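Student: What follows is a single structure, and I will ask about it in a moment.
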Protein chains: 2
Amino acid sequence: MTKSALQIARATYKPKVPRTLEGIVKIEEGKSTQSVSHQEAIQKEFPNTYGMPLITFVAGTEKKQYSAVNVGVILSGGQAPGGHNVIAGIFDGIKAMNPDSRLYGFILGPGGLIDHQYIELTADIIDEYRNTGGFDIIGSGRTKLETKEQFEKGLVILKKLNIKALVIIGGDDSNTNACVLAEYYAQKGAGVQVIGCPKTIDGDLKNEMIETSFGFDTACKVYSEVIGNIQRDCNSSRKYWHFIKLMGRSASHIALECALQVQPNICLISEEIEAKNQSLDDIIQYIADIVAKRAENGNNFGTVLIPEGLIEFIPAMKKLIHELNEYLAHYEEEFKRIKRSHQLAHITDKLSFENSKIFARLPENVARQLTMDRDPHGNVQVSLIETEKLLAEMVGKRLTEMEKEGKFKGKFASLVHFFGYEGRCAAPSNYDADYCYSLGYTAAGLIGFGKTGYMSSVRNTTAPASEWIAGGVPITMMMNMERRHGDMKPVIQKALVKLDGGPFKTFAAHRDAWAIDTDYVYPGPIQYFGPTEVCNQPTITLQIEQKELHQND
Amino acid sequence: MTKSALQIARATYKPKVPRTLEGIVKIEEGKSTQSVSHQEAIQKEFPNTYGMPLITFVAGTEKKQYSAVNVGVILSGGQAPGGHNVIAGIFDGIKAMNPDSRLYGFILGPGGLIDHQYIELTADIIDEYRNTGGFDIIGSGRTKLETKEQFEKGLVILKKLNIKALVIIGGDDSNTNACVLAEYYAQKGAGVQVIGCPKTIDGDLKNEMIETSFGFDTACKVYSEVIGNIQRDCNSSRKYWHFIKLMGRSASHIALECALQVQPNICLISEEIEAKNQSLDDIIQYIADIVAKRAENGNNFGTVLIPEGLIEFIPAMKKLIHELNEYLAHYEEEFKRIKRSHQLAHITDKLSFENSKIFARLPENVARQLTMDRDPHGNVQVSLIETEKLLAEMVGKRLTEMEKEGKFKGKFASLVHFFGYEGRCAAPSNYDADYCYSLGYTAAGLIGFGKTGYMSSVRNTTAPASEWIAGGVPITMMMNMERRHGDMKPVIQKALVKLDGGPFKTFAAHRDAWAIDTDYVYPGPIQYFGPTEVCNQPTITLQIEQKELHQND
């Protein structure tokens, strides 16, 4: 591995941890907990792991003797900055409890557990990866740990390696599955604890006990860096509208956080569009009106932030996509035999009147994307739809019409961008480096105290790290029942952008001014060595949320 | 202007300057100079500014009294990190000579001079922009200063503001025009000096006296940051080939520098492809073979860097584009009347046999791009061609064929990126902050010594800044005669990637290993405050070139 100068310098960084984790630790247990809703149904599914108390680590006085323990770790799903530090935290944590403890990493995600692909993570290996981005230490994968057969296959290798605890680092689905696995192993007395860690750049795994998912901080800062650079370009050449799509299919937290950081002219928030039942035309008109208004001031340039999942949140588009999915599920072969140049006309005929109208107005490439690329479940692959181009093209058309109507006098030229892979594996910011290491160290503590079915939790993270509060949250506490593939299932409730929450309200209070004035902010790249106000600020979203929380205290 | 924490912290940075600029300065003049070639023809065009000596600033003993001088400054062409520091350097330089000196900025590029749009740049304004990215202090533009009428219009405002010297910050074309303007004003005794500054992220304005153009350092570092992040992602999920296009239409310096920084699996260098007379098929096969080879080792992932201008460097594509340009120049109206679905077949019929074969094999969207978007000169707009998609699609097709032939056993999924606007307005790295400020300060010195037709030059920049050598280079010294719009014109010779130069040879010596092994480097974001080896390294290209130069000394 050839290392960059920054990587070498950064390797020596010592992540900050909560003061309580530094000395002798004991646990305080709170009251027993309940799930978000559907308490009875969820309790029925999790007889052994439901209702457990919240756990907080506090300073102890009596040194506990810990036996050596073998621990397994899995990285599940999409990459997020800081995963390596979670693993380093687990490693240091179990070694601090007993130097004979060992850590095994399963290769390329949950599939590694099922297929018995693993390596032992020794001090040499861990040291190579401290404070680095990526999940490449053991790789990640998207196999879902869901079936008893998988759980049993996993148990074979866990027993063989004498692994008594498994840490699953993942998003809401992976943590739901971690809890199902915890319950399964508890129920059969397998002697394997399962602990989850909250990971996802999307920021949609959070609740009152999990302030944020790791990686959100770093990823948003990378995106804000490049968006800021684009805005400075935009403000220098003064001739382009930049349509910038950002990762975040299920929730718009990333777009919202970036908007708070860079103050763009426009940011769309999927949750608001759905709540207001807006059509694609409404959105196009909203953007076109701002373009026209800025043009009146001679500003034929601007920026538009677009959450990746937008299309699915527009109620009318959702209906169209649903009808297309239904049609193609039944007639895909027939459809494929039709000559390419006739396909779109053919499908327009088959759609309901409402949907055919919408479909016929889409740019050809987007219409084709909606008919072509299906995932294994028969759904359109939203991430492949170039929403940023769709909006840019349709806004352009609308402005041409407005020009004829005398409502637009200006120039409109657009450029498009999509940022996602650029931020998922960045070297973690100080915040994520500290938070992740603390999450891992806390997971080790939960293992030491014999817990299972818990998620590692580190709170109060807008305060200095020494004052952070470490502990565990029963995963069942975050669950509700949702329909998945036709059946009701207990799952961790996804955190969408709350329209009555502080971050959105802050954005909404400023967006009209940002639309017309040019008040771009240029955050610049993540700094690891500079003044604290540059290097150690959490996301604006988290700062606002924590302020709200403490006001309500 | 709302400022980010980094912007505020960075505002106090004091750019490092050559020691000789810090005290009393005098000039040393070298021998008279000659143009790169066509000496007689160029001398004839530049009777007043041809053959002037090289100038070096050295420590003096006698304090020179400078009169106050009014100076104008213009930002010409695409943005590059550090432009604001050039202006700050000019400002501080002319104020140091005489506090009554004044600086005027012409708005939105050379057009501002012609249309008399300007502002006075006072200390308050300058201080707001020190060490920041972008050209937004006065904006930039692409109007070419070429005609006598423009020169005369400019002279009106210069006289009105009593401006005795004009600094034009631009690329090779803008500096060529700066010299034409210098000659014109000299010839008519207008009393206006003209000084150029070497700007362009593309890195193609360099020669023995101009080590690098400013902005190249910062832009390459931003691109390398995000490419590094993508590589870490790629190496973690192990399932995608990322095709990454990078700005740089005329030369591949950016792609080459990024390759040296991140060690990708593949990097295409346009100059090599042209020299080897490679076809599009050759390139596709080259990539496909590496994909297949990596797949043999279970590595179904990788990265490919692609210079923006690639298409125009493939000799066969160049011929095709030329024939398409010719055809559309004559039959555009007729072509536009043809039904969209018949356009491509129609044009294929009209092309020569060789070109029609190539055209017919292109993916539909690229074929359309080649027929649709013409610039005002009737040329295809290369930057709009999605070369990254073209290559990804064609490699995919080739691999499907190879699979049938038993030559490829693996998976191939691709993602595409284009980076350009993300780096042009980043806050300058320490290198660019220092280099740009020094260039500006040097330009002020050249003004103080009454020079015109010179480019500001700062050399020896891989040494500590105190040892940098500041001076001036006659612009005519960099010129040769080239055909432009049918006529032979004196222009600054563009610096393409030299296939016998150190940077390319270093890359070529490693690329086969990088292709098969995964030896990605993750440079991370530009750091402004950390250890010197992290914050103060020039580009690898420059380091290699300087080492070569000193070996030849």
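We label chains A, B, ... in the order they appear in the structure tokens, count residues from 1 in each chain, and number ligands from 1 in the order shown.
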Would you mind listing, for every residue of chain B within 7 Å of chain A, the two atoms forming the shortest contact and the distance between them in Å to one decimal, using only C-alpha atoms, sorted by chain and ascending residue number, as JSON lines?

Tutor:
```
{"residue": "B:Met1", "atom": "CA", "partner": "A:Asp519", "partner_atom": "CA", "distance": 5.9}
{"residue": "B:Thr2", "atom": "CA", "partner": "A:Val521", "partner_atom": "CA", "distance": 5.9}
{"residue": "B:Lys3", "atom": "CA", "partner": "A:Val521", "partner_atom": "CA", "distance": 5.9}
{"residue": "B:Ser4", "atom": "CA", "partner": "A:Pro523", "partner_atom": "CA", "distance": 5.1}
{"residue": "B:Ala5", "atom": "CA", "partner": "A:Val534", "partner_atom": "CA", "distance": 5.3}
{"residue": "B:Leu6", "atom": "CA", "partner": "A:Val534", "partner_atom": "CA", "distance": 5.5}
{"residue": "B:Gln79", "atom": "CA", "partner": "A:Asp233", "partner_atom": "CA", "distance": 6.8}
{"residue": "B:Gly134", "atom": "CA", "partner": "A:Arg232", "partner_atom": "CA", "distance": 5.4}
{"residue": "B:Phe135", "atom": "CA", "partner": "A:Ser236", "partner_atom": "CA", "distance": 5.0}
{"residue": "B:Asp136", "atom": "CA", "partner": "A:Ser236", "partner_atom": "CA", "distance": 4.2}
{"residue": "B:Gly139", "atom": "CA", "partner": "A:Ser236", "partner_atom": "CA", "distance": 4.7}
{"residue": "B:Ser140", "atom": "CA", "partner": "A:Ser237", "partner_atom": "CA", "distance": 5.7}
{"residue": "B:Gly141", "atom": "CA", "partner": "A:Ser237", "partner_atom": "CA", "distance": 6.5}
{"residue": "B:Val226", "atom": "CA", "partner": "A:Glu422", "partner_atom": "CA", "distance": 5.2}
{"residue": "B:Asn229", "atom": "CA", "partner": "A:Ala426", "partner_atom": "CA", "distance": 5.2}
{"residue": "B:Ile230", "atom": "CA", "partner": "A:Glu422", "partner_atom": "CA", "distance": 5.4}
{"residue": "B:Arg232", "atom": "CA", "partner": "A:Gly134", "partner_atom": "CA", "distance": 5.4}
{"residue": "B:Asp233", "atom": "CA", "partner": "A:Cys425", "partner_atom": "CA", "distance": 5.4}
{"residue": "B:Asn235", "atom": "CA", "partner": "A:Asp136", "partner_atom": "CA", "distance": 5.9}
{"residue": "B:Ser236", "atom": "CA", "partner": "A:Asp136", "partner_atom": "CA", "distance": 4.2}
{"residue": "B:Ser237", "atom": "CA", "partner": "A:Ser140", "partner_atom": "CA", "distance": 5.7}
{"residue": "B:Tyr421", "atom": "CA", "partner": "A:Ile230", "partner_atom": "CA", "distance": 5.6}
{"residue": "B:Glu422", "atom": "CA", "partner": "A:Val226", "partner_atom": "CA", "distance": 5.2}
{"residue": "B:Gly423", "atom": "CA", "partner": "A:Asn229", "partner_atom": "CA", "distance": 6.6}
{"residue": "B:Arg424", "atom": "CA", "partner": "A:Asp233", "partner_atom": "CA", "distance": 6.8}
{"residue": "B:Cys425", "atom": "CA", "partner": "A:Asn229", "partner_atom": "CA", "distance": 5.2}
{"residue": "B:Ala426", "atom": "CA", "partner": "A:Asn229", "partner_atom": "CA", "distance": 5.2}
{"residue": "B:Ala427", "atom": "CA", "partner": "A:Gly524", "partner_atom": "CA", "distance": 6.8}
{"residue": "B:Asp519", "atom": "CA", "partner": "A:Met1", "partner_atom": "CA", "distance": 5.9}
{"residue": "B:Val521", "atom": "CA", "partner": "A:Lys3", "partner_atom": "CA", "distance": 5.9}
{"residue": "B:Tyr522", "atom": "CA", "partner": "A:Ser4", "partner_atom": "CA", "distance": 6.1}
{"residue": "B:Pro523", "atom": "CA", "partner": "A:Ser4", "partner_atom": "CA", "distance": 5.1}
{"residue": "B:Gly524", "atom": "CA", "partner": "A:Leu6", "partner_atom": "CA", "distance": 6.6}
{"residue": "B:Pro525", "atom": "CA", "partner": "A:Pro525", "partner_atom": "CA", "distance": 5.8}
{"residue": "B:Ile526", "atom": "CA", "partner": "A:Pro525", "partner_atom": "CA", "distance": 6.6}
{"residue": "B:Gln527", "atom": "CA", "partner": "A:Gln527", "partner_atom": "CA", "distance": 5.9}
{"residue": "B:Phe529", "atom": "CA", "partner": "A:Gly530", "partner_atom": "CA", "distance": 5.0}
{"residue": "B:Gly530", "atom": "CA", "partner": "A:Phe529", "partner_atom": "CA", "distance": 5.0}
{"residue": "B:Glu533", "atom": "CA", "partner": "A:Ala5", "partner_atom": "CA", "distance": 6.4}
{"residue": "B:Val534", "atom": "CA", "partner": "A:Ala5", "partner_atom": "CA", "distance": 5.3}
```

Student: Residues at most 12 Å from Arg19 (chain B), counting only C-alpha atoms, excluding those fewer than 5 positions away in the same chain, as an mmCIF file with all heavy atoms, in the first residue's frame?

Tutor:
```
data_model
loop_
_atom_site.group_PDB
_atom_site.id
_atom_site.type_symbol
_atom_site.label_atom_id
_atom_site.label_comp_id
_atom_site.auth_asym_id
_atom_site.auth_seq_id
_atom_site.Cartn_x
_atom_site.Cartn_y
_atom_site.Cartn_z
ATOM 1 N N ILE B 24 15.121 45.767 -0.987
ATOM 2 C CA ILE B 24 15.317 46.688 -2.102
ATOM 3 C C ILE B 24 15.641 45.859 -3.339
ATOM 4 O O ILE B 24 16.476 44.958 -3.297
ATOM 5 C CB ILE B 24 16.465 47.677 -1.793
ATOM 6 C CG1 ILE B 24 16.045 48.544 -0.593
ATOM 7 C CG2 ILE B 24 16.807 48.528 -3.012
ATOM 8 C CD1 ILE B 24 17.171 49.401 -0.056
ATOM 9 N N VAL B 25 14.961 46.172 -4.419
ATOM 10 C CA VAL B 25 15.038 45.331 -5.612
ATOM 11 C C VAL B 25 15.691 46.087 -6.766
ATOM 12 O O VAL B 25 15.417 47.267 -6.979
ATOM 13 C CB VAL B 25 13.615 44.897 -6.030
ATOM 14 C CG1 VAL B 25 13.636 44.169 -7.353
ATOM 15 C CG2 VAL B 25 12.982 44.022 -4.950
ATOM 16 N N PHE B 57 14.936 39.784 -10.947
ATOM 17 C CA PHE B 57 15.023 40.706 -9.811
ATOM 18 C C PHE B 57 16.074 40.192 -8.839
ATOM 19 O O PHE B 57 16.082 39.012 -8.493
ATOM 20 C CB PHE B 57 13.677 40.808 -9.090
ATOM 21 C CG PHE B 57 12.639 41.543 -9.894
ATOM 22 C CD1 PHE B 57 11.425 40.948 -10.209
ATOM 23 C CD2 PHE B 57 12.881 42.833 -10.342
ATOM 24 C CE1 PHE B 57 10.467 41.627 -10.953
ATOM 25 C CE2 PHE B 57 11.919 43.525 -11.090
ATOM 26 C CZ PHE B 57 10.723 42.918 -11.400
ATOM 27 N N VAL B 58 16.941 41.090 -8.425
ATOM 28 C CA VAL B 58 17.959 40.718 -7.436
ATOM 29 C C VAL B 58 17.976 41.783 -6.338
ATOM 30 O O VAL B 58 17.366 42.846 -6.480
ATOM 31 C CB VAL B 58 19.365 40.589 -8.076
ATOM 32 C CG1 VAL B 58 19.419 39.444 -9.072
ATOM 33 C CG2 VAL B 58 19.767 41.905 -8.747
ATOM 34 N N ALA B 59 18.650 41.431 -5.245
ATOM 35 C CA ALA B 59 18.713 42.376 -4.128
ATOM 36 C C ALA B 59 19.493 43.610 -4.557
ATOM 37 O O ALA B 59 20.565 43.501 -5.152
ATOM 38 C CB ALA B 59 19.380 41.714 -2.929
ATOM 39 N N GLY B 60 18.956 44.772 -4.280
ATOM 40 C CA GLY B 60 19.642 46.021 -4.590
ATOM 41 C C GLY B 60 20.119 46.687 -3.313
ATOM 42 O O GLY B 60 19.911 46.163 -2.220
ATOM 43 N N SER B 438 3.274 35.934 -5.527
ATOM 44 C CA SER B 438 4.599 36.305 -6.041
ATOM 45 C C SER B 438 4.526 36.759 -7.498
ATOM 46 O O SER B 438 5.215 37.710 -7.899
ATOM 47 C CB SER B 438 5.569 35.121 -5.912
ATOM 48 O OG SER B 438 5.732 34.777 -4.553
ATOM 49 N N VAL B 458 8.071 33.444 -12.106
ATOM 50 C CA VAL B 458 8.630 33.061 -10.813
ATOM 51 C C VAL B 458 9.102 31.612 -10.954
ATOM 52 O O VAL B 458 8.306 30.734 -11.302
ATOM 53 C CB VAL B 458 7.587 33.198 -9.683
ATOM 54 C CG1 VAL B 458 8.156 32.692 -8.363
ATOM 55 C CG2 VAL B 458 7.150 34.645 -9.539
ATOM 56 N N PRO B 464 12.384 26.098 -1.341
ATOM 57 C CA PRO B 464 11.626 26.960 -0.422
ATOM 58 C C PRO B 464 11.382 28.326 -1.060
ATOM 59 O O PRO B 464 12.225 28.813 -1.836
ATOM 60 C CB PRO B 464 12.557 27.083 0.788
ATOM 61 C CG PRO B 464 13.418 25.865 0.741
ATOM 62 C CD PRO B 464 13.603 25.557 -0.719
ATOM 63 N N ALA B 465 10.257 28.947 -0.747
ATOM 64 C CA ALA B 465 9.847 30.179 -1.426
ATOM 65 C C ALA B 465 10.915 31.257 -1.359
ATOM 66 O O ALA B 465 11.077 32.038 -2.309
ATOM 67 C CB ALA B 465 8.532 30.687 -0.840
ATOM 68 N N SER B 466 11.654 31.308 -0.275
ATOM 69 C CA SER B 466 12.662 32.363 -0.143
ATOM 70 C C SER B 466 13.693 32.293 -1.280
ATOM 71 O O SER B 466 14.268 33.298 -1.666
ATOM 72 C CB SER B 466 13.356 32.256 1.214
ATOM 73 O OG SER B 466 13.975 30.987 1.327
ATOM 74 N N GLU B 467 13.886 31.091 -1.836
ATOM 75 C CA GLU B 467 14.876 30.921 -2.913
ATOM 76 C C GLU B 467 14.283 31.036 -4.322
ATOM 77 O O GLU B 467 14.969 30.781 -5.313
ATOM 78 C CB GLU B 467 15.563 29.554 -2.765
ATOM 79 C CG GLU B 467 16.354 29.417 -1.470
ATOM 80 C CD GLU B 467 16.715 27.971 -1.160
ATOM 81 O OE1 GLU B 467 16.898 27.176 -2.102
ATOM 82 O OE2 GLU B 467 16.783 27.633 0.040
ATOM 83 N N TRP B 468 12.990 31.317 -4.395
ATOM 84 C CA TRP B 468 12.382 31.453 -5.719
ATOM 85 C C TRP B 468 13.016 32.620 -6.468
ATOM 86 O O TRP B 468 13.482 33.594 -5.857
ATOM 87 C CB TRP B 468 10.875 31.688 -5.590
ATOM 88 C CG TRP B 468 10.112 30.494 -5.071
ATOM 89 C CD1 TRP B 468 10.624 29.304 -4.644
ATOM 90 C CD2 TRP B 468 8.695 30.395 -4.897
ATOM 91 N NE1 TRP B 468 9.621 28.471 -4.233
ATOM 92 C CE2 TRP B 468 8.428 29.113 -4.374
ATOM 93 C CE3 TRP B 468 7.612 31.255 -5.141
ATOM 94 C CZ2 TRP B 468 7.123 28.677 -4.087
ATOM 95 C CZ3 TRP B 468 6.323 30.825 -4.857
ATOM 96 C CH2 TRP B 468 6.083 29.548 -4.344
ATOM 97 N N ILE B 469 13.010 32.513 -7.803
ATOM 98 C CA ILE B 469 13.634 33.536 -8.646
ATOM 99 C C ILE B 469 12.531 34.279 -9.398
ATOM 100 O O ILE B 469 11.773 33.675 -10.156
ATOM 101 C CB ILE B 469 14.608 32.888 -9.651
ATOM 102 C CG1 ILE B 469 15.720 32.156 -8.888
ATOM 103 C CG2 ILE B 469 15.175 33.937 -10.610
ATOM 104 C CD1 ILE B 469 16.467 31.130 -9.728
ATOM 105 N N ALA B 470 12.435 35.573 -9.158
ATOM 106 C CA ALA B 470 11.377 36.365 -9.786
ATOM 107 C C ALA B 470 11.955 37.200 -10.914
ATOM 108 O O ALA B 470 13.114 37.622 -10.868
ATOM 109 C CB ALA B 470 10.725 37.271 -8.751
#
```

Student: Taking the DSSP secondary structure from the backbone, can you list the residues of region 319-521 of chain A that are strand (DSSP E or B), as an mmCIF file with N, CA, C and O atoms, in the first residue's frame?

Tutor:
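Generated output (out_34.cif):
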```cif
data_model
loop_
_atom_site.group_PDB
_atom_site.id
_atom_site.type_symbol
_atom_site.label_atom_id
_atom_site.label_comp_id
_atom_site.auth_asym_id
_atom_site.auth_seq_id
_atom_site.Cartn_x
_atom_site.Cartn_y
_atom_site.Cartn_z
ATOM 1 N N ARG A 374 -34.501 -2.313 -14.700
ATOM 2 C CA ARG A 374 -35.198 -2.851 -13.546
ATOM 3 C C ARG A 374 -34.220 -3.555 -12.617
ATOM 4 O O ARG A 374 -33.263 -4.190 -13.077
ATOM 5 N N VAL A 380 -37.842 0.061 -10.813
ATOM 6 C CA VAL A 380 -36.962 0.937 -11.564
ATOM 7 C C VAL A 380 -35.793 1.323 -10.649
ATOM 8 O O VAL A 380 -35.959 1.470 -9.436
ATOM 9 N N SER A 414 -27.204 25.281 -18.716
ATOM 10 C CA SER A 414 -27.103 24.446 -17.517
ATOM 11 C C SER A 414 -25.966 23.441 -17.606
ATOM 12 O O SER A 414 -25.552 23.027 -18.689
ATOM 13 N N LEU A 415 -25.460 23.069 -16.451
ATOM 14 C CA LEU A 415 -24.473 21.995 -16.327
ATOM 15 C C LEU A 415 -24.962 21.086 -15.208
ATOM 16 O O LEU A 415 -25.629 21.551 -14.278
ATOM 17 N N VAL A 416 -24.645 19.799 -15.297
ATOM 18 C CA VAL A 416 -25.157 18.858 -14.290
ATOM 19 C C VAL A 416 -24.013 18.125 -13.597
ATOM 20 O O VAL A 416 -22.933 17.931 -14.171
ATOM 21 N N HIS A 417 -24.277 17.726 -12.367
ATOM 22 C CA HIS A 417 -23.298 16.996 -11.545
ATOM 23 C C HIS A 417 -24.042 15.988 -10.687
ATOM 24 O O HIS A 417 -25.197 16.200 -10.336
ATOM 25 N N PHE A 418 -23.361 14.915 -10.326
ATOM 26 C CA PHE A 418 -23.901 13.981 -9.340
ATOM 27 C C PHE A 418 -22.775 13.613 -8.383
ATOM 28 O O PHE A 418 -21.729 13.128 -8.816
ATOM 29 N N PHE A 419 -22.981 13.866 -7.114
ATOM 30 C CA PHE A 419 -21.963 13.523 -6.114
ATOM 31 C C PHE A 419 -22.487 12.459 -5.152
ATOM 32 O O PHE A 419 -23.551 12.613 -4.565
ATOM 33 N N TYR A 454 -28.266 -4.796 21.339
ATOM 34 C CA TYR A 454 -28.092 -3.361 21.573
ATOM 35 C C TYR A 454 -27.388 -2.702 20.390
ATOM 36 O O TYR A 454 -26.588 -3.344 19.692
ATOM 37 N N MET A 455 -27.662 -1.408 20.246
ATOM 38 C CA MET A 455 -26.868 -0.609 19.326
ATOM 39 C C MET A 455 -25.953 0.273 20.165
ATOM 40 O O MET A 455 -26.379 0.816 21.192
ATOM 41 N N SER A 456 -24.718 0.379 19.725
ATOM 42 C CA SER A 456 -23.768 1.257 20.383
ATOM 43 C C SER A 456 -24.238 2.700 20.217
ATOM 44 O O SER A 456 -24.635 3.104 19.120
ATOM 45 N N SER A 457 -24.205 3.462 21.293
ATOM 46 C CA SER A 457 -24.735 4.827 21.257
ATOM 47 C C SER A 457 -23.760 5.802 21.910
ATOM 48 O O SER A 457 -23.269 5.553 23.010
ATOM 49 N N VAL A 458 -23.471 6.874 21.203
ATOM 50 C CA VAL A 458 -22.637 7.930 21.768
ATOM 51 C C VAL A 458 -23.389 9.244 21.550
ATOM 52 O O VAL A 458 -23.699 9.591 20.404
ATOM 53 N N ARG A 459 -23.697 9.928 22.654
ATOM 54 C CA ARG A 459 -24.553 11.113 22.555
ATOM 55 C C ARG A 459 -23.864 12.377 23.072
ATOM 56 O O ARG A 459 -22.757 12.308 23.570
ATOM 57 N N ILE A 469 -21.610 11.100 25.957
ATOM 58 C CA ILE A 469 -22.228 10.066 26.786
ATOM 59 C C ILE A 469 -22.283 8.768 25.986
ATOM 60 O O ILE A 469 -22.894 8.720 24.916
ATOM 61 N N ALA A 470 -21.630 7.751 26.515
ATOM 62 C CA ALA A 470 -21.577 6.467 25.802
ATOM 63 C C ALA A 470 -22.505 5.469 26.464
ATOM 64 O O ALA A 470 -22.712 5.498 27.681
ATOM 65 N N GLY A 471 -23.065 4.573 25.667
ATOM 66 C CA GLY A 471 -23.940 3.552 26.227
ATOM 67 C C GLY A 471 -24.528 2.661 25.157
ATOM 68 O O GLY A 471 -23.950 2.533 24.068
ATOM 69 N N GLY A 472 -25.664 2.049 25.481
ATOM 70 C CA GLY A 472 -26.297 1.145 24.530
ATOM 71 C C GLY A 472 -27.797 1.374 24.494
ATOM 72 O O GLY A 472 -28.400 1.747 25.500
ATOM 73 N N VAL A 473 -28.371 1.189 23.305
ATOM 74 C CA VAL A 473 -29.810 1.346 23.127
ATOM 75 C C VAL A 473 -30.362 0.028 22.584
ATOM 76 O O VAL A 473 -29.844 -0.479 21.573
ATOM 77 N N PRO A 474 -31.381 -0.543 23.247
ATOM 78 C CA PRO A 474 -31.970 -1.772 22.700
ATOM 79 C C PRO A 474 -32.481 -1.495 21.288
ATOM 80 O O PRO A 474 -33.199 -0.499 21.077
ATOM 81 N N MET A 479 -37.881 0.264 16.787
ATOM 82 C CA MET A 479 -38.634 -0.425 15.733
ATOM 83 C C MET A 479 -40.101 -0.033 15.673
ATOM 84 O O MET A 479 -40.689 0.385 16.659
ATOM 85 N N ASN A 480 -40.636 -0.191 14.478
ATOM 86 C CA ASN A 480 -42.091 -0.219 14.290
ATOM 87 C C ASN A 480 -42.383 -1.307 13.253
ATOM 88 O O ASN A 480 -41.462 -1.965 12.774
ATOM 89 N N MET A 481 -43.657 -1.485 12.926
ATOM 90 C CA MET A 481 -43.995 -2.504 11.925
ATOM 91 C C MET A 481 -44.231 -1.804 10.584
ATOM 92 O O MET A 481 -44.924 -0.789 10.517
ATOM 93 N N GLU A 482 -43.613 -2.336 9.548
ATOM 94 C CA GLU A 482 -43.819 -1.771 8.206
ATOM 95 C C GLU A 482 -44.035 -2.884 7.197
ATOM 96 O O GLU A 482 -43.581 -4.008 7.402
ATOM 97 N N ARG A 483 -44.692 -2.524 6.113
ATOM 98 C CA ARG A 483 -44.937 -3.521 5.068
ATOM 99 C C ARG A 483 -43.672 -3.664 4.221
ATOM 100 O O ARG A 483 -43.152 -2.695 3.704
ATOM 101 N N ARG A 484 -43.166 -4.871 4.104
ATOM 102 C CA ARG A 484 -41.995 -5.156 3.260
ATOM 103 C C ARG A 484 -42.314 -6.383 2.410
ATOM 104 O O ARG A 484 -42.596 -7.440 2.975
ATOM 105 N N ASP A 487 -45.514 -8.250 3.401
ATOM 106 C CA ASP A 487 -45.761 -8.665 4.793
ATOM 107 C C ASP A 487 -45.398 -7.552 5.773
ATOM 108 O O ASP A 487 -44.503 -6.764 5.524
ATOM 109 N N MET A 488 -46.072 -7.537 6.913
ATOM 110 C CA MET A 488 -45.705 -6.607 7.974
ATOM 111 C C MET A 488 -44.482 -7.161 8.706
ATOM 112 O O MET A 488 -44.456 -8.321 9.110
ATOM 113 N N LYS A 489 -43.489 -6.323 8.846
ATOM 114 C CA LYS A 489 -42.237 -6.748 9.484
ATOM 115 C C LYS A 489 -41.828 -5.709 10.532
ATOM 116 O O LYS A 489 -42.064 -4.518 10.344
ATOM 117 N N PRO A 490 -41.165 -6.166 11.601
ATOM 118 C CA PRO A 490 -40.606 -5.192 12.539
ATOM 119 C C PRO A 490 -39.294 -4.639 11.976
ATOM 120 O O PRO A 490 -38.390 -5.418 11.633
ATOM 121 N N VAL A 491 -39.228 -3.347 11.832
ATOM 122 C CA VAL A 491 -38.005 -2.735 11.288
ATOM 123 C C VAL A 491 -37.708 -1.433 12.034
ATOM 124 O O VAL A 491 -38.600 -0.811 12.595
ATOM 125 N N ILE A 492 -36.446 -1.036 12.009
ATOM 126 C CA ILE A 492 -36.066 0.255 12.573
ATOM 127 C C ILE A 492 -36.693 1.348 11.722
ATOM 128 O O ILE A 492 -36.596 1.307 10.491
#
```

Student: Just want the 9 Å neighbourhood of Asn175 (chain A), counted on only C-alpha atoms, with same-chain residues fewer than 3 positions away dropped. Output as a short mmCIF file (atom, residue, chain, number, x, y, z; two decimals) with C-alpha atoms, in the first residue's frame.

Tutor:
```cif
data_model
loop_
_atom_site.label_atom_id
_atom_site.label_comp_id
_atom_site.auth_asym_id
_atom_site.auth_seq_id
_atom_site.Cartn_x
_atom_site.Cartn_y
_atom_site.Cartn_z
CA ILE A 168 -22.55 -5.49 12.73
CA ILE A 169 -21.80 -2.05 11.35
CA GLY A 170 -24.63 -1.01 9.10
CA GLY A 171 -27.68 1.09 8.30
CA ASP A 172 -31.27 0.67 9.46
CA ALA A 178 -28.58 -7.61 13.69
CA CYS A 179 -31.41 -7.58 16.19
CA VAL A 180 -33.17 -10.53 14.54
CA ILE A 195 -24.21 -5.54 18.78
CA GLY A 196 -25.06 -2.98 16.07
CA CYS A 197 -23.35 0.27 15.07
CA PRO A 198 -25.21 3.10 13.27
CA MET A 455 -26.87 -0.61 19.33
CA ILE A 475 -32.49 -2.05 18.95
CA VAL A 491 -38.00 -2.74 11.29
CA ILE A 492 -36.07 0.26 12.57
#
```
